[in-house]
Structure formats: C-alpha cells, structure tokens
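Listing of protein-v9.cif, mmCIF, C-alpha atoms
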data_run
loop_
_atom_site.label_atom_id
_atom_site.label_comp_id
_atom_site.auth_asym_id
_atom_site.auth_seq_id
_atom_site.Cartn_x
_atom_site.Cartn_y
_atom_site.Cartn_z
CA MET A 1113 -101.23 104.97 42.70
CA THR A 1114 -103.41 104.53 39.70
CA PRO A 1115 -104.55 101.08 38.59
CA SER A 1116 -102.31 101.21 35.52
CA GLN A 1117 -99.27 102.00 37.61
CA SER A 1118 -100.14 99.17 40.00
CA TYR A 1119 -100.44 96.77 37.02
CA ARG A 1120 -97.06 97.73 35.59
CA ARG A 1121 -95.43 97.30 39.02
CA THR A 1122 -96.90 93.86 39.37
CA VAL A 1123 -95.62 92.84 35.93
CA ARG A 1124 -92.10 94.08 36.72
CA LEU A 1125 -92.07 92.10 39.96
CA LEU A 1126 -93.19 88.96 38.14
CA VAL A 1127 -90.49 89.38 35.45
CA LEU A 1128 -87.83 90.05 38.11
CA GLY A 1129 -88.90 86.95 40.03
CA LEU A 1130 -88.82 84.86 36.87
CA MET A 1131 -85.30 86.06 36.03
CA ILE A 1132 -84.09 85.32 39.57
CA GLY A 1133 -85.60 81.81 39.36
CA LEU A 1134 -84.03 81.09 36.00
CA GLY A 1135 -80.66 82.31 37.27
CA ALA A 1136 -80.87 80.12 40.33
CA TYR A 1137 -81.80 77.13 38.17
CA TRP A 1138 -78.82 77.72 35.83
CA ILE A 1139 -76.43 78.07 38.77
CA GLY A 1140 -77.79 74.89 40.30
CA THR A 1141 -77.41 72.85 37.13
CA ARG A 1142 -73.93 74.26 36.43
CA TYR A 1143 -72.38 73.87 39.85
CA GLY A 1144 -74.84 71.90 41.92
CA HIS A 1145 -73.02 68.54 41.55
CA ARG A 1146 -69.60 69.81 42.54
CA VAL A 1147 -69.86 68.71 46.12
CA PRO A 1148 -66.63 68.63 48.17
CA PRO A 1149 -65.66 65.01 48.63
CA SER A 1150 -66.69 63.50 51.87
CA VAL A 1151 -64.84 60.79 53.74
CA ASP A 1152 -66.98 58.19 52.03
CA ALA A 1153 -65.98 59.53 48.57
CA VAL A 1154 -62.19 58.91 48.99
CA PRO A 1155 -61.08 56.30 46.36
CA PRO A 1156 -59.78 53.00 47.70
CA PRO A 1157 -55.98 52.61 47.84
CA ALA A 1158 -54.22 51.16 44.75
CA PRO A 1159 -53.53 47.42 44.95
CA THR A 1160 -50.00 46.43 45.94
CA LEU A 1161 -48.03 44.90 43.03
CA VAL A 1162 -46.20 41.78 44.10
CA ALA A 1163 -43.17 40.76 41.99
CA GLN A 1164 -43.56 37.26 40.66
CA PRO A 1165 -40.53 34.97 40.87
CA GLN A 1166 -38.69 34.69 37.53
CA ALA A 1167 -39.53 31.53 35.68
CA SER A 1168 -36.58 29.19 35.33
CA LEU A 1169 -34.95 28.79 31.91
CA ASP A 1170 -35.71 25.71 29.90
CA PRO A 1171 -32.77 23.42 29.04
CA THR A 1172 -32.28 24.91 25.57
CA GLU A 1173 -32.19 28.46 26.95
CA GLU A 1174 -29.75 27.46 29.65
CA GLU A 1175 -27.52 25.90 27.01
CA ASN A 1176 -27.68 29.02 24.82
CA VAL A 1177 -26.75 31.25 27.77
CA ARG A 1178 -23.87 28.99 28.76
CA ILE A 1179 -22.44 28.78 25.25
CA TYR A 1180 -22.67 32.53 24.76
CA LYS A 1181 -20.94 33.29 28.07
CA GLU A 1182 -18.12 30.88 27.27
CA ALA A 1183 -17.67 31.82 23.61
CA ALA A 1184 -18.28 35.58 23.43
CA PRO A 1185 -14.92 36.63 25.00
CA ALA A 1186 -13.05 34.87 22.16
CA VAL A 1187 -15.07 36.45 19.33
CA ALA A 1188 -13.28 39.37 17.70
CA ASN A 1189 -14.67 42.61 16.34
CA ILE A 1190 -12.30 43.42 13.47
CA VAL A 1191 -11.94 46.98 12.12
CA THR A 1192 -9.70 47.56 9.11
CA ARG A 1193 -8.28 50.80 7.74
CA MET A 1194 -6.87 51.56 4.33
CA VAL A 1195 -6.26 54.55 2.10
CA GLN A 1196 -7.88 54.79 -1.30
CA TYR A 1197 -7.64 57.57 -3.87
CA ASP A 1198 -10.43 59.43 -5.62
CA PHE A 1199 -10.54 60.50 -9.27
CA PHE A 1200 -8.22 63.41 -8.53
CA PHE A 1201 -5.74 61.19 -6.61
CA ASN A 1202 -6.74 62.67 -3.27
CA PRO A 1203 -6.22 60.18 -0.41
CA MET A 1204 -9.43 58.97 1.26
CA PRO A 1205 -9.35 56.88 4.46
CA VAL A 1206 -11.70 53.91 4.30
CA GLU A 1207 -12.80 51.65 7.17
CA GLY A 1208 -14.18 48.15 7.05
CA ALA A 1209 -15.55 45.83 9.72
CA GLY A 1210 -16.16 42.16 10.32
CA SER A 1211 -15.78 39.36 12.82
CA GLY A 1212 -13.31 36.62 13.70
CA PHE A 1213 -12.45 34.24 16.54
CA LEU A 1214 -9.44 33.02 18.49
CA ILE A 1215 -8.22 29.52 17.62
CA ASP A 1216 -5.23 29.26 19.99
CA SER A 1217 -3.69 30.90 23.05
CA ALA A 1218 -0.92 32.40 20.90
CA GLY A 1219 -3.41 34.91 19.47
CA HIS A 1220 -4.19 33.50 16.01
CA ILE A 1221 -7.60 34.60 14.72
CA LEU A 1222 -9.52 33.09 11.81
CA THR A 1223 -11.70 35.34 9.66
CA ASN A 1224 -12.74 35.83 6.04
CA TYR A 1225 -10.21 37.08 3.52
CA HIS A 1226 -12.66 39.69 2.24
CA VAL A 1227 -12.81 41.19 5.76
CA VAL A 1228 -9.08 42.06 5.82
CA ALA A 1229 -8.22 42.21 2.09
CA GLY A 1230 -6.08 45.27 1.35
CA ALA A 1231 -6.05 46.46 4.96
CA GLN A 1232 -3.13 48.68 6.01
CA ALA A 1233 -4.09 48.50 9.68
CA ILE A 1234 -6.18 45.93 11.57
CA ASP A 1235 -7.66 46.62 15.03
CA VAL A 1236 -9.22 43.84 17.10
CA THR A 1237 -11.57 44.13 20.06
CA LEU A 1238 -12.35 40.85 21.80
CA GLY A 1239 -15.62 40.13 23.52
CA ASP A 1240 -14.11 41.06 26.91
CA GLN A 1241 -13.42 44.56 25.46
CA THR A 1242 -9.63 44.15 25.36
CA ARG A 1243 -8.13 45.89 22.31
CA TYR A 1244 -5.19 44.83 20.15
CA LYS A 1245 -3.34 45.66 16.96
CA ALA A 1246 -3.37 42.66 14.64
CA LYS A 1247 -0.87 41.42 12.05
CA TYR A 1248 -1.88 39.82 8.77
CA ILE A 1249 -0.41 36.30 8.53
CA GLY A 1250 -1.78 35.00 5.24
CA ALA A 1251 -4.85 33.79 3.38
CA ASP A 1252 -6.39 31.26 1.06
CA THR A 1253 -8.13 33.60 -1.37
CA ARG A 1254 -9.89 30.76 -3.20
CA ASN A 1255 -11.69 29.68 -0.02
CA ASP A 1256 -12.04 33.25 1.37
CA ILE A 1257 -10.14 32.37 4.56
CA ALA A 1258 -7.58 34.60 6.29
CA LEU A 1259 -5.44 34.31 9.40
CA ILE A 1260 -4.39 37.28 11.53
CA LYS A 1261 -2.58 37.41 14.87
CA ILE A 1262 -2.62 39.57 17.99
CA ASP A 1263 0.03 39.83 20.71
CA PRO A 1264 -1.57 38.66 23.99
CA ARG A 1265 0.81 40.95 25.95
CA GLY A 1266 0.98 38.49 28.81
CA ARG A 1267 -2.79 37.97 29.00
CA THR A 1268 -4.24 34.47 29.03
CA LEU A 1269 -6.42 33.97 25.97
CA ALA A 1270 -9.22 31.40 25.86
CA PRO A 1271 -9.62 30.17 22.25
CA LEU A 1272 -12.75 28.53 20.94
CA PRO A 1273 -12.71 24.72 20.57
CA LEU A 1274 -12.92 23.53 16.97
CA GLY A 1275 -15.38 20.81 16.03
CA ASP A 1276 -15.61 18.43 13.08
CA SER A 1277 -17.68 19.62 10.11
CA ARG A 1278 -17.76 16.11 8.59
CA THR A 1279 -20.28 14.89 11.18
CA LEU A 1280 -22.93 17.59 10.70
CA LEU A 1281 -26.59 16.81 10.07
CA VAL A 1282 -29.41 18.86 8.61
CA GLY A 1283 -31.69 19.96 11.44
CA GLN A 1284 -29.14 20.25 14.25
CA ARG A 1285 -29.11 23.49 16.23
CA VAL A 1286 -26.43 26.11 15.62
CA LEU A 1287 -25.48 29.46 17.16
CA ALA A 1288 -23.79 32.38 15.40
CA ILE A 1289 -21.87 35.08 17.27
CA GLY A 1290 -20.58 38.19 15.55
CA ASN A 1291 -20.84 41.93 15.12
CA PRO A 1292 -23.63 42.64 12.61
CA PHE A 1293 -23.86 46.33 11.69
CA GLY A 1294 -21.29 47.06 14.42
CA PHE A 1295 -23.39 45.62 17.26
CA GLN A 1296 -20.67 43.71 19.06
CA SER A 1297 -21.15 40.24 20.55
CA THR A 1298 -24.55 39.53 19.01
CA LEU A 1299 -26.00 36.02 19.30
CA THR A 1300 -28.43 34.47 16.84
CA THR A 1301 -29.65 30.89 16.72
CA GLY A 1302 -31.08 28.53 14.15
CA VAL A 1303 -30.55 25.16 12.54
CA ILE A 1304 -28.49 23.69 9.73
CA SER A 1305 -30.90 23.86 6.80
CA SER A 1306 -28.72 22.18 4.18
CA LEU A 1307 -25.23 20.75 3.63
CA GLY A 1308 -22.80 20.16 0.80
CA ARG A 1309 -23.65 23.16 -1.37
CA THR A 1310 -21.08 24.90 -3.55
CA VAL A 1311 -21.63 28.66 -3.28
CA GLN A 1312 -19.84 31.00 -5.69
CA THR A 1313 -19.07 34.18 -3.70
CA SER A 1314 -17.09 36.01 -6.39
CA GLU A 1315 -15.39 35.34 -9.72
CA THR A 1316 -12.44 33.68 -7.97
CA THR A 1317 -13.83 32.45 -4.63
CA PHE A 1318 -16.37 29.86 -3.61
CA ILE A 1319 -17.49 28.00 -0.51
CA ASP A 1320 -17.02 24.28 -1.03
CA ASP A 1321 -19.31 21.97 0.97
CA ALA A 1322 -21.01 25.05 2.42
CA ILE A 1323 -23.05 24.82 5.61
CA GLN A 1324 -26.43 26.47 5.04
CA THR A 1325 -28.21 27.89 8.10
CA ASP A 1326 -31.26 29.99 8.96
CA ALA A 1327 -29.49 31.62 11.94
CA ALA A 1328 -29.61 35.36 11.22
CA ILE A 1329 -26.37 36.50 9.54
CA ASN A 1330 -25.92 40.11 8.40
CA ARG A 1331 -23.17 42.46 7.31
CA GLY A 1332 -20.49 42.40 9.98
CA ASN A 1333 -21.08 38.72 10.82
CA SER A 1334 -18.55 37.74 8.15
CA GLY A 1335 -15.67 35.82 9.68
CA GLY A 1336 -17.47 35.01 12.92
CA PRO A 1337 -17.97 31.50 14.32
CA LEU A 1338 -20.88 29.17 13.72
CA LEU A 1339 -21.13 26.94 16.81
CA ASN A 1340 -22.82 23.65 17.55
CA SER A 1341 -24.74 22.91 20.75
CA HIS A 1342 -21.48 21.89 22.48
CA GLY A 1343 -19.94 25.33 21.87
CA GLN A 1344 -17.53 24.00 19.22
CA VAL A 1345 -16.85 25.96 16.04
CA ILE A 1346 -18.17 24.09 13.00
CA GLY A 1347 -17.92 26.89 10.43
CA ILE A 1348 -16.97 30.46 9.56
CA ASN A 1349 -20.00 32.62 8.71
CA SER A 1350 -19.24 34.04 5.29
CA ALA A 1351 -22.13 34.87 2.99
CA ILE A 1352 -25.88 35.34 2.78
CA TYR A 1353 -28.44 34.95 0.04
CA SER A 1354 -30.59 38.07 0.09
CA PRO A 1355 -32.11 40.33 -2.57
CA SER A 1356 -32.17 43.21 -0.03
CA GLY A 1357 -28.68 42.76 1.45
CA THR A 1358 -30.03 41.79 4.88
CA THR A 1359 -30.76 38.37 6.29
CA ALA A 1360 -33.42 36.39 4.46
CA GLY A 1361 -32.99 33.17 6.41
CA ILE A 1362 -30.32 31.70 4.12
CA GLY A 1363 -26.72 32.07 5.26
CA PHE A 1364 -23.61 30.09 4.40
CA ALA A 1365 -20.56 29.10 6.43
CA ILE A 1366 -17.19 27.67 5.43
CA PRO A 1367 -16.67 24.22 7.02
CA ILE A 1368 -14.23 24.42 9.93
CA ASN A 1369 -12.26 21.44 8.59
CA THR A 1370 -11.32 23.51 5.53
CA ALA A 1371 -10.42 26.50 7.72
CA ARG A 1372 -8.38 24.33 10.10
CA ARG A 1373 -6.31 22.97 7.22
CA VAL A 1374 -5.66 26.48 5.90
CA ALA A 1375 -4.67 27.76 9.35
CA ASN A 1376 -2.33 24.82 9.94
CA ASP A 1377 -0.60 25.43 6.59
CA LEU A 1378 -0.17 29.14 7.28
CA ILE A 1379 1.18 28.61 10.80
CA THR A 1380 3.42 25.66 9.92
CA HIS A 1381 4.57 26.44 6.37
CA GLY A 1382 3.85 30.14 6.00
CA ARG A 1383 1.70 29.44 2.93
CA VAL A 1384 -1.35 27.45 1.88
CA ARG A 1385 -0.32 24.13 0.34
CA ARG A 1386 -2.58 23.63 -2.66
CA ALA A 1387 -2.72 20.52 -4.81
CA THR A 1388 -2.15 20.84 -8.55
CA LEU A 1389 -2.62 18.52 -11.49
CA GLY A 1390 -0.62 20.58 -13.95
CA VAL A 1391 -3.12 20.86 -16.80
CA ALA A 1392 -5.04 23.63 -18.55
CA GLY A 1393 -8.03 23.36 -20.83
CA ARG A 1394 -11.75 23.96 -21.09
CA ALA A 1395 -15.05 22.21 -20.50
CA ILE A 1396 -16.81 20.71 -23.48
CA GLY A 1397 -20.41 19.67 -24.07
CA PRO A 1398 -22.15 17.56 -26.73
CA ASP A 1399 -22.13 20.26 -29.43
CA LEU A 1400 -18.43 21.04 -29.16
CA SER A 1401 -17.58 17.38 -28.79
CA ASP A 1402 -19.47 16.56 -32.03
CA ALA A 1403 -17.77 19.43 -33.85
CA LEU A 1404 -14.35 18.09 -32.80
CA SER A 1405 -15.30 14.38 -33.15
CA LEU A 1406 -14.22 13.68 -29.57
CA GLY A 1407 -16.81 10.98 -28.94
CA VAL A 1408 -17.88 12.12 -25.42
CA ASP A 1409 -21.00 13.82 -24.08
CA GLN A 1410 -19.10 16.05 -21.69
CA GLY A 1411 -15.67 16.40 -20.16
CA PHE A 1412 -12.59 18.60 -19.84
CA LEU A 1413 -10.45 19.03 -22.94
CA ILE A 1414 -6.79 19.09 -21.90
CA GLU A 1415 -5.11 21.67 -24.11
CA ARG A 1416 -1.80 22.11 -22.27
CA VAL A 1417 0.21 20.04 -19.81
CA THR A 1418 2.77 21.68 -17.52
CA PRO A 1419 6.22 20.27 -18.42
CA GLY A 1420 7.50 18.12 -15.54
CA GLY A 1421 4.20 18.48 -13.67
CA PRO A 1422 2.15 15.66 -12.14
CA ALA A 1423 0.02 15.06 -15.26
CA ALA A 1424 3.06 15.11 -17.56
CA GLN A 1425 4.89 12.60 -15.37
CA ALA A 1426 1.85 10.28 -15.56
CA GLY A 1427 1.80 10.48 -19.37
CA ILE A 1428 -1.23 12.75 -19.81
CA ARG A 1429 -1.18 14.45 -23.23
CA GLY A 1430 -2.04 18.02 -24.15
CA GLY A 1431 -3.20 19.36 -27.52
CA SER A 1432 -0.94 19.01 -30.56
CA HIS A 1433 -2.44 21.58 -32.95
CA THR A 1434 -4.77 24.59 -32.96
CA VAL A 1435 -8.17 24.91 -34.64
CA LEU A 1436 -10.77 27.68 -34.78
CA VAL A 1437 -14.30 26.70 -33.77
CA GLY A 1438 -16.64 29.65 -34.06
CA TRP A 1439 -15.01 32.37 -31.97
CA TRP A 1440 -12.94 29.86 -29.99
CA GLN A 1441 -9.36 28.94 -30.68
CA LEU A 1442 -8.73 25.45 -29.32
CA ARG A 1443 -5.76 23.14 -29.07
CA ILE A 1444 -6.89 19.65 -29.89
CA GLY A 1445 -5.26 16.25 -30.20
CA GLY A 1446 -4.82 15.80 -26.45
CA ASP A 1447 -6.67 13.76 -23.86
CA VAL A 1448 -10.23 14.46 -22.67
CA LEU A 1449 -10.70 14.14 -18.91
CA VAL A 1450 -14.14 12.69 -18.14
CA ALA A 1451 -13.86 11.62 -14.47
CA VAL A 1452 -11.64 11.77 -11.38
CA ASN A 1453 -11.88 8.93 -8.86
CA GLY A 1454 -15.06 7.85 -10.63
CA ARG A 1455 -16.76 11.29 -10.32
CA PRO A 1456 -17.72 12.92 -13.64
CA ILE A 1457 -15.91 16.12 -14.63
CA ALA A 1458 -18.06 18.50 -16.67
CA SER A 1459 -16.55 21.91 -15.94
CA GLN A 1460 -13.51 23.79 -14.68
CA THR A 1461 -15.34 24.22 -11.35
CA ASP A 1462 -15.65 20.44 -10.98
CA LEU A 1463 -11.91 20.08 -11.37
CA SER A 1464 -11.16 23.04 -9.07
CA LEU A 1465 -13.38 21.63 -6.35
CA LEU A 1466 -11.70 18.25 -6.54
CA LEU A 1467 -8.23 19.82 -6.23
CA ASN A 1468 -9.50 22.04 -3.41
CA ARG A 1469 -10.38 18.95 -1.38
CA ALA A 1470 -7.08 17.17 -2.09
CA GLN A 1471 -3.62 17.57 -0.62
CA PRO A 1472 -0.25 17.66 -2.37
CA GLY A 1473 1.04 14.09 -2.52
CA ASP A 1474 -2.44 12.52 -2.83
CA THR A 1475 -2.83 9.94 -5.61
CA ILE A 1476 -5.94 10.17 -7.78
CA THR A 1477 -7.28 8.18 -10.71
CA LEU A 1478 -8.06 10.09 -13.90
CA THR A 1479 -10.45 8.60 -16.46
CA ILE A 1480 -9.52 9.95 -19.88
CA VAL A 1481 -10.54 9.43 -23.50
CA ARG A 1482 -7.61 9.17 -25.93
CA ASP A 1483 -8.13 8.46 -29.63
CA GLY A 1484 -11.68 7.32 -28.87
CA LYS A 1485 -10.61 4.86 -26.15
CA LYS A 1486 -11.34 5.26 -22.43
CA MET A 1487 -8.58 4.49 -19.93
CA ASP A 1488 -7.63 5.10 -16.30
CA VAL A 1489 -4.38 6.80 -15.30
CA ARG A 1490 -3.11 7.22 -11.73
CA VAL A 1491 -1.52 10.60 -10.94
CA LYS A 1492 0.28 11.81 -7.81
CA LEU A 1493 -0.69 15.44 -7.20
CA GLY A 1494 1.95 18.11 -6.80
CA GLU A 1495 1.97 21.39 -4.92
CA ALA A 1496 0.96 24.57 -6.71
#
Can you give me the file's structure in the form of structure tokens?
Amino acid sequence: MTPSQSYRRTVRLLVLGLMIGLGAYWIGTRYGHRVPPSVDAVPPPAPTLVAQPQASLDPTEEENVRIYKEAAPAVANIVTRMVQYDFFFNPMPVEGAGSGFLIDSAGHILTNYHVVAGAQAIDVTLGDQTRYKAKYIGADTRNDIALIKIDPRGRTLAPLPLGDSRTLLVGQRVLAIGNPFGFQSTLTTGVISSLGRTVQTSETTFIDDAIQTDAAINRGNSGGPLLNSHGQVIGINSAIYSPSGTTAGIGFAIPINTARRVANDLITHGRVRRATLGVAGRAIGPDLSDALSLGVDQGFLIERVTPGGPAAQAGIRGGSHTVLVGWWQLRIGGDVLVAVNGRPIASQTDLSLLLNRAQPGDTITLTIVRDGKKMDVRVKLGEA
C-alpha cells in the first residue's frame, strides 16, 4: 500500500468515526430522556373529594321556599286560542298565553282581561300539572281584570289566600309567581318600590293605585299573583315599564282589593257594578276658562246631564247653548265641577278615578261653580 493510499484510508476512517459519533449524539439527545418509569416515578394517587354538608338556608330563603311550595299549585298557566283572518279572509289560528290564580275551591281564577280578551277557547294548567278547560265569566275592562272558571271534576282545589292592599308599605318584600315566556311556575322576588301610582295601560284601561315592584315581571307574567311574605295575594301582576319589552326593574300590579271587588260582583251579580254620576263634559284650563269667562283656573265643564240620573236628581245643570271656540264646539251655561269630596278635579281621568273607587249608592259632595258662585252639592251615585 502506497503512502497516499494509506492516507486516504485514514481520512475515510476518521470521517466514518465522526459520522458515527454525531449519529450517536443525535440519538442520545432525541431519545435519551425517555426512560421507562420506575416505581419511584409513579404519580401519587389523586386526593379523595369529601362532600361538604349543605349549608342551611337562612330565614328569608326558608320563607321563600315555603311560600313557593304552598302557592305554586294554585297558579295557572293560561293558554288562549282564537281565529283571526288575514287580508284575503283566510282563517289563521292565534294563541296567547298568560297567568292567573285560584281564588276559591269552586275553580274561579283571576287574571288580566287582556290575557283572555277575544279568546274562543281557554286552557288552564295549574302548578300541579292538572289540565282544565276554562269558561269566561266576565271582566272589568276599565281595570283590566277578568274572571274565568274551571270545573274541579271532584278534585280538591287549594286557592291562594287574599291579603289587604290598603296596608302595604314601600320597602316590604314581595314574590311574583307566573309563566314568563312560557316557563311555568317561575318565582321572582323583590320589594314594593312605590305605591299609589295611576298607570295608563291603554286608551281605555288604567291601573288605579298601582303597586310598583322591582320583582322581575316579563311577558307571560300578566295575570299572575304578587304575594307578600305571608303568602297572601296583594296584587295581580299586569304591566311593566320597559323600552325593550323585557323587565327593567319597574313592574305594576293591580291592588287585590280592586280585584276582589270585581270578582265578588261577577260571582254575585253576574256583572261589575260601576258607580256613575250621570254627566258628560270636558276638562278646562285657564285659557279656555278665560275665553268662556268661567272664573276658574281649572275644572270639568259639565255640558250634558243624563235625564233622571244622579246628577240631575241633585240639581246639577248641563250646558244651555252651543258656542265654537277655535276648533271646539262646546255647550256652555252649565255648572263647572272643581272638586269632589274636597279633591280637585282637573281632567276626565280625575273624575273616572274617583268613580272607579266608589260604589253605587255612595254619597259624594260635588263642589261646583255656577254663575260665578261656588257651592257644594251632595249626590248619591247610581249604577252605570
């Protein structure tokens, strides 16, 4: 072997050795740490989870649970069905939903009039999941109150106890049970946030002496009960104030004393007995009063008196002749009503609210202005 051949052989051996060393190093770094776990490398066992005893309910929670358990079976989920017609007179079935509650063991259920208005069929599911067909008994459309009835079919019904809405205070706790968005037997809680409001709910209906609450009330809660901390019904949940259509923390309920009176009239007399004064007219302010030389700042101009009605029998006078004031045609020459039982009357709503709170047969004192002179006249209210 020549020296050059010996040199080349030595170089090849060195290169081969270097490549083997680099390969061994790469294999060692790539897989050298993957050592099969030994006994010492086994992870410790997971800690045993021990269930903690459930914390007891506080007194308020216990009270909420108790009231819900007792009241929920008497709260009704009301589904109404009617047929409407489209532009081409094709019949279209329409469903509505709301809430209500049992007020006696005979099966009478209070709800809102707008829940059952126009219904051709009314289905009721109570909180215990029993189902019934309901019959429409009657309504007070002005106060948005309706009464329907189910046949117990031999079952024992447990109605809700009715409280007294005259004794309510701002700040006391209330509970609302209903079926918002179809979620049956839903409970929300809150407080009475205001009292004595008059809330106009449509052109012809209003809630007089409304109970305002921050308990969550949504679509489907209408007609359901508002309860006090004793489980007594103090109102019928009826309306919300909300720009979005969902609860904004301001809901309104009809006082149960108003609803009780309506229910009693419907059950006993078959109609709502409503007081009437027997007058028609319009509200006047300073401008109109000056134009007509009436001599009052505000009041109710009596234009017509119902012949033989309560006001006519008491000597109240209506207008004697007609004048045109701007776009208005008025009958003047009659009395101007300025107060009832000492409370100023400045609008038709003021007079409607007063009559809404009175009963046929009640005697009231009207303060009128006649020929520039103020006088008091006692009137016995009739029945509309």
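Residues matched by the PyMOL selection byres ((chain A and resi 1335) around 6) in this file: Ser1211, Gly1212, Thr1223, Asn1224, Ser1334, Gly1336, Ile1348, Asn1349 and Ser1350 of chain A.
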Residue IDs satisfying the PyMOL selection byres ((chain A and resi 1343) around 8), as a VMD selection string: chain A and resid 1179 1182 to 1183 1272 to 1273 1339 to 1342 1344 to 1345
Residues selected by the PyMOL selection byres ((chain A and resi 1408-1416) around 10), written as JSON, numbers by chain: {"A": [1390, 1391, 1392, 1393, 1394, 1395, 1396, 1397, 1398, 1399, 1400, 1401, 1402, 1405, 1406, 1407, 1417, 1418, 1419, 1424, 1428, 1429, 1430, 1431, 1432, 1433, 1434, 1442, 1443, 1444, 1445, 1446, 1447, 1448, 1449, 1450, 1451, 1456, 1457, 1458, 1459, 1460, 1462, 1463, 1480, 1481, 1484, 1486]}
Distance query A:Arg1331 at most 6 Å, only C-alpha atoms, self and fewer than 2 positions along chain excluded, as a VMD selection string: chain A and resid 1292 to 1293 1333
Pick from A:Arg1193, A:Asp1235, A:Thr1479, A:Gly1250, whichever lies nearest to A:Arg1455 using all atoms listed in the file: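 Looking only at the distances to A:Arg1455, the closest residue turns out to be A:Thr1479.
Restricting the calculation to all atoms listed in the file, the smallest distance between A:Val1452 and any of A:Leu1436, A:Ala1470, A:Ile1476, A:Leu1389 is found for A:Ile1476.
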Residue among A:Ala1322, A:Val1187, A:Ala1229, A:Leu1280 lying closest to A:Thr1298, counting all atoms listed in the file: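 Ranking A:Ala1322, A:Val1187, A:Ala1229, A:Leu1280 by distance to A:Thr1298, first place goes to A:Val1187.
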